[in-house]
Amino acid sequence: MPNATFIPTFDVTAEASRAGRFPGRRTVPVVDNRRLSDGIYRLTFRDSYIAGHAKPAQFVDLYSADPTRLMPRPFGVSEVEGDDVSLIFAVVGKGTEEFSRLAAGDTVDVMGPLGRGFDMKAAANYVLVAGGLGVPPLLYAAQKLALRDDATATAAFGYRDERFADELVAKYAEHVESITNAQGNVVDLLDSIEDSLVNGELPPVILSCGPMPMMRAVASWAVARDIPCQLSLEARMGCGYGTCYVCVVDTAEGRQKVCVAGPVFTPEQLGWDK
């Protein structure tokens, strides 16, 4: 059933752009929704503003059609094709279950892009280290890096079992490595490719997203080898733009809101470089 809970009487994006403002919540058309593996979906909607402005590791808020679910759900942008924006998510509750049932022709309310993305200005071999549903922002990073002549991408993905994103990232990354829980973890994977990373033509830079314990381990691995590292934190968010204080995290400079100060932080900013 189409989401018709918030249909603006004017073009939110056009009016905001004319005023030099960031566009707020708006209703957009769903163009595709498909199951990638058990409980994991890729939802695609059309929004020219997000498509034209989103940076890897920035996220989008999706709003439920159920008025009792007031807070949006944040999802990292995974791919952009023209004006079409894709998000990959797991069904973990009633909100995400609702989004999994959306189909082409439905609508959904969105806001974004939000947050601070990866810094990818340096010429480097970007090592994209993801665990589970940390894949989406790194998939989008690989897509952006594929357009450059001064950078390469090496994907290092860890999965619980099914390798649902290897084919997706292979369209963009020069090298794709992955591991399942039965074989080990992403640090084991990094150990196995360390020589090729540190002795490659371009210096390595690690971009990572996934469960907090995984990213702490990745940060420790990178710091021990003096490899620059950026971490996109996964956090429970209420608003997504800094008003509710739900997503605060401890940093070297005190508690900060992931949705505004991040989601991208360095090990040094988080105090994980010791």
# chains A, B, ... in the order shown; residues from 1 in each chain; ligands from 1

$ residues_around --residues "stretch 218-230 of chain A" --least-positions-apart "3" --cutoff "8 Å" --atoms "only C-alpha atoms" --output "PyMOL selection string"
chain A and resi 118+186-187+204-208+214-215+264-267+272-273

$ residues_around --residues "A:Leu114" --least-positions-apart "4" --cutoff "12 Å" --atoms "only C-alpha atoms" --output "tab-separated table (two decimals) with N, CA, C and O atoms, in the first residue's frame"
chain	number	residue	atom	x	y	z
A	22	PHE	N	18.68	23.51	3.07
A	22	PHE	CA	18.67	22.06	2.96
A	22	PHE	C	17.23	21.58	2.91
A	22	PHE	O	16.41	21.98	3.75
A	23	PRO	N	16.85	20.73	1.95
A	23	PRO	CA	15.46	20.27	1.87
A	23	PRO	C	15.10	19.33	3.02
A	23	PRO	O	15.91	18.50	3.42
A	24	GLY	N	13.89	19.49	3.53
A	24	GLY	CA	13.44	18.64	4.63
A	24	GLY	C	12.79	17.36	4.15
A	24	GLY	O	13.02	16.89	3.03
A	25	ARG	N	11.97	16.81	5.00
A	25	ARG	CA	11.28	15.56	4.70
A	25	ARG	C	10.41	15.72	3.46
A	25	ARG	O	9.73	16.72	3.28
A	49	TYR	N	17.94	15.15	-5.46
A	49	TYR	CA	18.80	15.88	-4.52
A	49	TYR	C	19.77	14.92	-3.83
A	49	TYR	O	20.98	15.17	-3.78
A	50	ILE	N	19.26	13.83	-3.28
A	50	ILE	CA	20.14	12.87	-2.62
A	50	ILE	C	21.11	12.28	-3.63
A	50	ILE	O	22.31	12.15	-3.36
A	53	HIS	N	23.89	14.80	-4.27
A	53	HIS	CA	24.65	15.38	-3.16
A	53	HIS	C	25.24	14.35	-2.19
A	53	HIS	O	26.14	14.69	-1.42
A	54	ALA	N	24.75	13.11	-2.18
A	54	ALA	CA	25.20	12.13	-1.18
A	54	ALA	C	26.67	11.77	-1.37
A	54	ALA	O	27.14	11.57	-2.48
A	55	LYS	N	27.38	11.68	-0.24
A	55	LYS	CA	28.77	11.25	-0.22
A	55	LYS	C	28.85	9.91	0.51
A	55	LYS	O	28.03	9.62	1.39
A	56	PRO	N	29.84	9.08	0.17
A	56	PRO	CA	29.97	7.79	0.85
A	56	PRO	C	30.03	7.94	2.36
A	56	PRO	O	30.78	8.76	2.88
A	57	ALA	N	29.22	7.16	3.05
A	57	ALA	CA	29.05	7.11	4.52
A	57	ALA	C	28.02	8.10	5.02
A	57	ALA	O	27.65	8.05	6.19
A	58	GLN	N	27.51	8.99	4.15
A	58	GLN	CA	26.34	9.75	4.57
A	58	GLN	C	25.13	8.82	4.56
A	58	GLN	O	25.14	7.76	3.93
A	59	PHE	N	24.07	9.22	5.27
A	59	PHE	CA	22.92	8.35	5.39
A	59	PHE	C	21.63	9.10	5.06
A	59	PHE	O	21.60	10.32	4.92
A	60	VAL	N	20.57	8.30	4.91
A	60	VAL	CA	19.24	8.81	4.57
A	60	VAL	C	18.27	8.33	5.64
A	60	VAL	O	18.33	7.17	6.06
A	61	ASP	N	17.40	9.21	6.09
A	61	ASP	CA	16.32	8.82	7.01
A	61	ASP	C	15.10	8.38	6.20
A	61	ASP	O	14.66	9.10	5.30
A	62	LEU	N	14.55	7.22	6.54
A	62	LEU	CA	13.28	6.77	5.98
A	62	LEU	C	12.23	6.82	7.07
A	62	LEU	O	12.48	6.42	8.22
A	74	PRO	N	17.65	5.34	10.00
A	74	PRO	CA	18.76	5.79	9.15
A	74	PRO	C	19.38	4.63	8.38
A	74	PRO	O	19.60	3.54	8.92
A	75	PHE	N	19.68	4.86	7.10
A	75	PHE	CA	20.31	3.85	6.26
A	75	PHE	C	21.39	4.50	5.41
A	75	PHE	O	21.18	5.57	4.82
A	76	GLY	N	22.55	3.85	5.31
A	76	GLY	CA	23.62	4.36	4.47
A	76	GLY	C	23.31	4.19	3.00
A	76	GLY	O	22.75	3.17	2.58
A	77	VAL	N	23.66	5.18	2.20
A	77	VAL	CA	23.49	5.09	0.75
A	77	VAL	C	24.45	4.02	0.22
A	77	VAL	O	25.63	4.00	0.56
A	110	VAL	N	11.38	10.53	2.90
A	110	VAL	CA	12.82	10.49	3.13
A	110	VAL	C	13.32	11.87	3.56
A	110	VAL	O	12.66	12.89	3.35
A	237	MET	N	19.77	5.90	16.15
A	237	MET	CA	19.49	7.34	16.04
A	237	MET	C	18.01	7.60	16.21
A	237	MET	O	17.17	6.77	15.85
A	239	CYS	N	16.54	11.24	15.64
A	239	CYS	CA	16.17	12.21	14.60
A	239	CYS	C	17.06	12.11	13.37
A	239	CYS	O	16.59	12.22	12.24
A	240	GLY	N	18.37	11.96	13.57
A	240	GLY	CA	19.30	11.92	12.46
A	240	GLY	C	19.97	13.25	12.17
A	240	GLY	O	20.84	13.33	11.31
A	241	TYR	N	19.59	14.32	12.90
A	241	TYR	CA	20.17	15.63	12.60
A	241	TYR	C	20.52	16.42	13.86
A	241	TYR	O	20.61	17.64	13.83
A	242	GLY	N	20.71	15.74	14.98
A	242	GLY	CA	21.34	16.37	16.12
A	242	GLY	C	20.48	16.96	17.21
A	242	GLY	O	20.99	17.62	18.10
A	258	VAL	N	26.74	11.08	16.90
A	258	VAL	CA	27.20	10.39	15.70
A	258	VAL	C	26.58	10.99	14.45
A	258	VAL	O	27.24	11.11	13.41
A	259	CYS	N	25.31	11.39	14.52
A	259	CYS	CA	24.61	11.86	13.33
A	259	CYS	C	25.14	13.19	12.81
A	259	CYS	O	24.96	13.50	11.63
A	260	VAL	N	25.78	13.98	13.67
A	260	VAL	CA	26.26	15.30	13.27
A	260	VAL	C	27.78	15.32	13.17
A	260	VAL	O	28.36	15.74	12.16
A	261	ALA	N	28.46	14.91	14.23
A	261	ALA	CA	29.93	14.89	14.22
A	261	ALA	C	30.45	13.78	13.32
A	261	ALA	O	31.56	13.85	12.81
A	262	GLY	N	29.65	12.74	13.12
A	262	GLY	CA	30.00	11.60	12.29
A	262	GLY	C	29.00	11.43	11.18
A	262	GLY	O	28.42	12.41	10.72
A	263	PRO	N	28.74	10.21	10.72
A	263	PRO	CA	29.15	8.98	11.40
A	263	PRO	C	30.62	8.59	11.26
A	263	PRO	O	31.06	7.62	11.86
A	264	VAL	N	31.39	9.36	10.47
A	264	VAL	CA	32.78	8.99	10.24
A	264	VAL	C	33.70	9.64	11.28
A	264	VAL	O	33.66	10.86	11.47

$ residues_around --residues "A:Ala124" --least-positions-apart "2" --cutoff "6 Å" --atoms "only C-alpha atoms" --output "MDAnalysis selection string"
chainID A and resid 122 126 151 202:204

$ write_last_selection --atoms "C-alpha atoms" --output "mmCIF file, in the first residue's frame"
data_model
loop_
_atom_site.group_PDB
_atom_site.id
_atom_site.type_symbol
_atom_site.label_atom_id
_atom_site.label_comp_id
_atom_site.auth_asym_id
_atom_site.auth_seq_id
_atom_site.Cartn_x
_atom_site.Cartn_y
_atom_site.Cartn_z
ATOM 1 C CA ALA A 122 43.993 11.357 -1.157
ATOM 2 C CA TYR A 126 41.194 2.417 -0.256
ATOM 3 C CA ALA A 151 42.783 5.733 -6.526
ATOM 4 C CA LEU A 202 49.425 3.192 -3.812
ATOM 5 C CA PRO A 203 49.487 3.676 -0.028
ATOM 6 C CA PRO A 204 46.581 1.992 1.775
#

$ residues_around --residues "A:Val248" --least-positions-apart "3" --cutoff "8 Å" --atoms "only C-alpha atoms" --output "mmCIF file with C-alpha atoms, in the first residue's frame"
data_model
loop_
_atom_site.group_PDB
_atom_site.id
_atom_site.type_symbol
_atom_site.label_atom_id
_atom_site.label_comp_id
_atom_site.auth_asym_id
_atom_site.auth_seq_id
_atom_site.Cartn_x
_atom_site.Cartn_y
_atom_site.Cartn_z
ATOM 1 C CA TYR A 245 20.943 13.113 21.731
ATOM 2 C CA ARG A 255 30.612 12.858 24.071
ATOM 3 C CA GLN A 256 29.549 13.700 20.525
ATOM 4 C CA LYS A 257 26.504 12.979 18.394
ATOM 5 C CA VAL A 258 27.201 10.386 15.701
#

$ closest_residue --among "A:Gly132, A:Gly238, A:Pro67, A:Gly210" --to "A:Glu162" --atoms "only C-alpha atoms"
A:Gly132

$ select_by_dssp --residues "stretch 12-253 of chain A" --states "strand (DSSP E or B)" --output "VMD selection string"
chain A and resid 26 to 37 40 to 46 59 to 63 73 to 81 84 to 90 107 to 114 116 125 to 131 152 to 159 175 to 180 204 to 209 229 to 232 248 to 251

$ write_last_selection --atoms "C-alpha atoms" --output "mmCIF file, in the first residue's frame"
data_model
loop_
_atom_site.group_PDB
_atom_site.id
_atom_site.type_symbol
_atom_site.label_atom_id
_atom_site.label_comp_id
_atom_site.auth_asym_id
_atom_site.auth_seq_id
_atom_site.Cartn_x
_atom_site.Cartn_y
_atom_site.Cartn_z
ATOM 1 C CA ARG A 26 9.682 14.753 1.371
ATOM 2 C CA THR A 27 7.762 11.991 -0.395
ATOM 3 C CA VAL A 28 9.594 10.112 -3.159
ATOM 4 C CA PRO A 29 8.646 7.239 -5.483
ATOM 5 C CA VAL A 30 9.929 3.720 -4.937
ATOM 6 C CA VAL A 31 11.336 2.289 -8.169
ATOM 7 C CA ASP A 32 12.542 -1.134 -6.993
ATOM 8 C CA ASN A 33 12.824 -3.346 -3.927
ATOM 9 C CA ARG A 34 14.494 -6.733 -4.029
ATOM 10 C CA ARG A 35 15.643 -9.409 -1.600
ATOM 11 C CA LEU A 36 19.410 -9.964 -1.651
ATOM 12 C CA SER A 37 19.490 -12.809 0.857
ATOM 13 C CA ILE A 40 18.343 -8.459 3.569
ATOM 14 C CA TYR A 41 16.824 -6.089 0.996
ATOM 15 C CA ARG A 42 17.926 -3.411 -1.444
ATOM 16 C CA LEU A 43 15.392 -0.593 -1.719
ATOM 17 C CA THR A 44 15.693 1.935 -4.555
ATOM 18 C CA PHE A 45 13.855 5.246 -4.677
ATOM 19 C CA ARG A 46 14.096 8.317 -6.909
ATOM 20 C CA PHE A 59 22.917 8.352 5.390
ATOM 21 C CA VAL A 60 19.243 8.806 4.575
ATOM 22 C CA ASP A 61 16.318 8.822 7.005
ATOM 23 C CA LEU A 62 13.280 6.767 5.981
ATOM 24 C CA TYR A 63 9.943 7.410 7.685
ATOM 25 C CA ARG A 73 15.275 4.830 10.459
ATOM 26 C CA PRO A 74 18.760 5.787 9.151
ATOM 27 C CA PHE A 75 20.313 3.850 6.257
ATOM 28 C CA GLY A 76 23.619 4.363 4.472
ATOM 29 C CA VAL A 77 23.494 5.089 0.752
ATOM 30 C CA SER A 78 24.771 2.039 -1.140
ATOM 31 C CA GLU A 79 24.550 3.045 -4.813
ATOM 32 C CA VAL A 80 23.407 5.915 -7.013
ATOM 33 C CA GLU A 81 22.380 5.548 -10.656
ATOM 34 C CA ASP A 84 17.908 6.588 -8.310
ATOM 35 C CA VAL A 85 19.284 5.971 -4.807
ATOM 36 C CA SER A 86 19.678 2.478 -3.317
ATOM 37 C CA LEU A 87 19.813 1.467 0.336
ATOM 38 C CA ILE A 88 20.611 -1.990 1.717
ATOM 39 C CA PHE A 89 19.095 -2.996 5.047
ATOM 40 C CA ALA A 90 18.234 -5.983 7.211
ATOM 41 C CA THR A 107 6.053 6.081 -2.091
ATOM 42 C CA VAL A 108 8.171 6.599 1.005
ATOM 43 C CA ASP A 109 9.109 9.694 3.004
ATOM 44 C CA VAL A 110 12.821 10.492 3.129
ATOM 45 C CA MET A 111 15.264 13.112 4.349
ATOM 46 C CA GLY A 112 18.921 13.476 3.516
ATOM 47 C CA PRO A 113 21.719 13.156 2.821
ATOM 48 C CA LEU A 114 22.752 13.505 6.466
ATOM 49 C CA ARG A 116 29.650 13.562 7.564
ATOM 50 C CA ASN A 125 44.340 2.197 -2.378
ATOM 51 C CA TYR A 126 41.194 2.417 -0.256
ATOM 52 C CA VAL A 127 40.671 -0.798 1.688
ATOM 53 C CA LEU A 128 36.942 -1.121 2.290
ATOM 54 C CA VAL A 129 36.482 -3.231 5.423
ATOM 55 C CA ALA A 130 32.884 -4.133 6.188
ATOM 56 C CA GLY A 131 31.116 -6.489 8.525
ATOM 57 C CA THR A 152 41.840 2.069 -6.308
ATOM 58 C CA ALA A 153 39.517 0.048 -4.096
ATOM 59 C CA THR A 154 40.073 -3.271 -2.357
ATOM 60 C CA ALA A 155 36.975 -4.734 -0.724
ATOM 61 C CA ALA A 156 37.430 -6.868 2.403
ATOM 62 C CA PHE A 157 33.989 -7.987 3.525
ATOM 63 C CA GLY A 158 33.015 -10.214 6.428
ATOM 64 C CA TYR A 159 29.693 -12.080 6.411
ATOM 65 C CA HIS A 175 40.029 -6.622 -5.739
ATOM 66 C CA VAL A 176 37.307 -8.343 -3.727
ATOM 67 C CA GLU A 177 38.133 -10.476 -0.704
ATOM 68 C CA SER A 178 35.556 -11.887 1.688
ATOM 69 C CA ILE A 179 35.246 -14.233 4.628
ATOM 70 C CA THR A 180 32.407 -15.865 6.553
ATOM 71 C CA PRO A 204 46.581 1.992 1.775
ATOM 72 C CA VAL A 205 43.807 3.890 3.540
ATOM 73 C CA ILE A 206 41.218 1.885 5.471
ATOM 74 C CA LEU A 207 37.533 2.805 5.374
ATOM 75 C CA SER A 208 35.440 0.640 7.670
ATOM 76 C CA CYS A 209 31.863 0.123 8.784
ATOM 77 C CA CYS A 229 41.809 4.645 9.033
ATOM 78 C CA GLN A 230 38.295 6.066 8.986
ATOM 79 C CA LEU A 231 35.386 4.409 10.763
ATOM 80 C CA SER A 232 31.706 4.904 9.967
ATOM 81 C CA VAL A 248 26.000 10.110 21.473
ATOM 82 C CA VAL A 249 29.348 8.326 21.554
ATOM 83 C CA ASP A 250 32.442 8.741 23.723
ATOM 84 C CA THR A 251 35.318 10.434 21.897
#

$ select_by_dssp --residues "stretch 69-262 of chain A" --states "helix (DSSP H, G or I)" --output "PyMOL selection string"
chain A and resi 94-100+132-145+166-170+186-198+212-224+258-261

$ residues_around --residues "A:Glu98" --least-positions-apart "6" --cutoff "10 Å" --atoms "only C-alpha atoms" --output "MDAnalysis selection string"
chainID A and resid 64:66 91

$ write_last_selection --atoms "N, CA, C and O atoms" --output "PDB file, in the first residue's frame"
ATOM      1  N   SER A  64       8.383   5.784   8.512  1.00  0.00           N
ATOM      2  CA  SER A  64       7.304   4.806   8.440  1.00  0.00           C
ATOM      3  C   SER A  64       5.989   5.489   8.082  1.00  0.00           C
ATOM      4  O   SER A  64       5.746   6.646   8.424  1.00  0.00           O
ATOM      5  N   ALA A  65       5.123   4.737   7.411  1.00  0.00           N
ATOM      6  CA  ALA A  65       3.767   5.229   7.132  1.00  0.00           C
ATOM      7  C   ALA A  65       2.866   5.112   8.357  1.00  0.00           C
ATOM      8  O   ALA A  65       1.773   5.670   8.377  1.00  0.00           O
ATOM      9  N   ASP A  66       3.332   4.389   9.373  1.00  0.00           N
ATOM     10  CA  ASP A  66       2.569   4.214  10.604  1.00  0.00           C
ATOM     11  C   ASP A  66       2.793   5.419  11.512  1.00  0.00           C
ATOM     12  O   ASP A  66       3.919   5.660  11.961  1.00  0.00           O
ATOM     13  N   VAL A  91      16.028  -6.722   7.844  1.00  0.00           N
ATOM     14  CA  VAL A  91      14.761  -6.656   8.575  1.00  0.00           C
ATOM     15  C   VAL A  91      15.032  -7.056  10.018  1.00  0.00           C
ATOM     16  O   VAL A  91      15.366  -8.206  10.306  1.00  0.00           O
TER      17      VAL A  91
END

$ atom_distance --atom1 "atom CA of A:Ala170" --atom2 "atom CA of A:Leu147"
14.1 Å
